[in-house]
Amino acid sequence: MRFTRNRNDLSPFDAEARRFVDALVSGEPVTLEVIYERDMVEHRKIMAQIADVAKAIHADPQWLRAQLLFETGHFALLGELYGKTVVAVSSMSRHHMKDYELHAFWHDAVEVLRKKVLPQVRDAAERERLVAMLSQQGAPATG
């Protein structure tokens with residue numbers, strides 16, 4: 001569902017948005033959630049690279065993503081629960097991470113991948129392919 005922003009309001013852009021507006025009861029309040037703009041090409045590239053490295057070390061991409069977020073300091077220490085330290089790993093979604101934060105994270109994550117994760121890849125040819133892939137960095141972090 002997409003809307004266009006006019007000078008004074010939002011107007012439906014596509015058919016789904018028009019159906020949504022037509023279904024509203026007059027005067028019914030509508031809450032719109034603002035999400036950060038995201039360079040989806042770069043975001044998909046980062047996710048694909050994480051999945052590629054995870055496959056090479058026989059790990060789940062979600063697990064590796066959480067490990068990278070933890071290693072780069074994108075987590076909150078919540079304290080102790082039943083004698084165990086509890087942390088909450090940050091999200092990479094548009095709701096929580098702006099583009100410049102994603103690029104800064106990825107810059108740090110690539111270093112973690114090179115130093116700690118890629119040495120775990122046993123196949124030398126695969127390791128070299130992943131090193132080359134990670135060397136092709138996208139746009140620099142901007143604010």
# chains A, B, ... in the order shown; residues from 1 in each chain; ligands from 1
>>> select_by_dssp(residues="stretch 19-70 of chain A", states="alpha helix (DSSP H)", output="PyMOL selection string")
chain A and resi 19-23+40-56+61-70
>>> residues_around(residues="A:Ala66", least_positions_apart="6", cutoff="10 Å", atoms="only C-alpha atoms", output="list in words")
Thr72, His74, Phe75, Ala88, Val89, Ser90, Ser91 and Met92 of chain A
>>> closest_residue(among="A:Leu81, A:Ala104, A:Val21, A:Val110", to="A:Arg65", atoms="only C-alpha atoms")
A:Val110
>>> closest_atom_pairs(of="stretch 4-81 of chain A", to="stretch 117-124 of chain A", cutoff="9 Å", atoms="only C-alpha atoms", output="tab-separated table")
residue	atom	partner	partner_atom	distance
A:Val53	CA	A:Leu118	CA	7.7
A:Ala56	CA	A:Val121	CA	6.2
A:Ile57	CA	A:Val121	CA	5.7
>>> residues_around(residues="A:Gln62", least_positions_apart="6", cutoff="9 Å", atoms="only C-alpha atoms", output="JSON, numbers by chain")
{"A": [50, 51, 54]}
>>> write_last_selection(atoms="C-alpha atoms", output="PDB file, in the first residue's frame")
ATOM      1  CA  ILE A  50      25.532 -13.024   5.609  1.00  0.00           C
ATOM      2  CA  ALA A  51      23.602 -16.017   4.222  1.00  0.00           C
ATOM      3  CA  ALA A  54      26.555 -18.782   7.144  1.00  0.00           C
TER       4      ALA A  54
END
>>> residues_around(residues="A:Arg44", least_positions_apart="4", cutoff="12 Å", atoms="only C-alpha atoms", output="list in words")
Arg38, Asp39, Met40, Ala48, Gln49, Ile50, Ala51, Met92, Ser93, Leu102 and Gly138 of chain A
>>> write_last_selection(atoms="C-alpha atoms", output="compact mmCIF listing (two decimals), in the first residue's frame")
# COMPACT_ATOMS: atom_id res chain seq x y z
CA ARG A 38 16.23 1.95 3.36
CA ASP A 39 18.50 1.30 0.43
CA MET A 40 16.90 -2.08 -0.21
CA ALA A 48 22.81 -12.32 0.96
CA GLN A 49 26.43 -12.02 2.06
CA ILE A 50 25.53 -13.02 5.61
CA ALA A 51 23.60 -16.02 4.22
CA MET A 92 18.28 -4.59 11.50
CA SER A 93 14.78 -3.67 10.32
CA LEU A 102 23.24 -0.25 8.73
CA GLY A 138 28.91 -0.82 -1.00
>>> atom_distance(atom1="atom CA of A:Ala23", atom2="atom CA of A:Thr4")
18.3 Å
>>> atom_distance(atom1="atom CA of A:Lys45", atom2="atom CA of A:Gly73")
21.5 Å
>>> closest_residue(among="A:Glu42, A:Glu71, A:Glu126, A:Asp9", to="A:Asp99", atoms="only C-alpha atoms")
A:Glu42
>>> select_by_dssp(residues="chain A", states="strand (DSSP E or B)", output="MDAnalysis selection string")
chainID A and resid 3:5 10:12 75:81 84:89
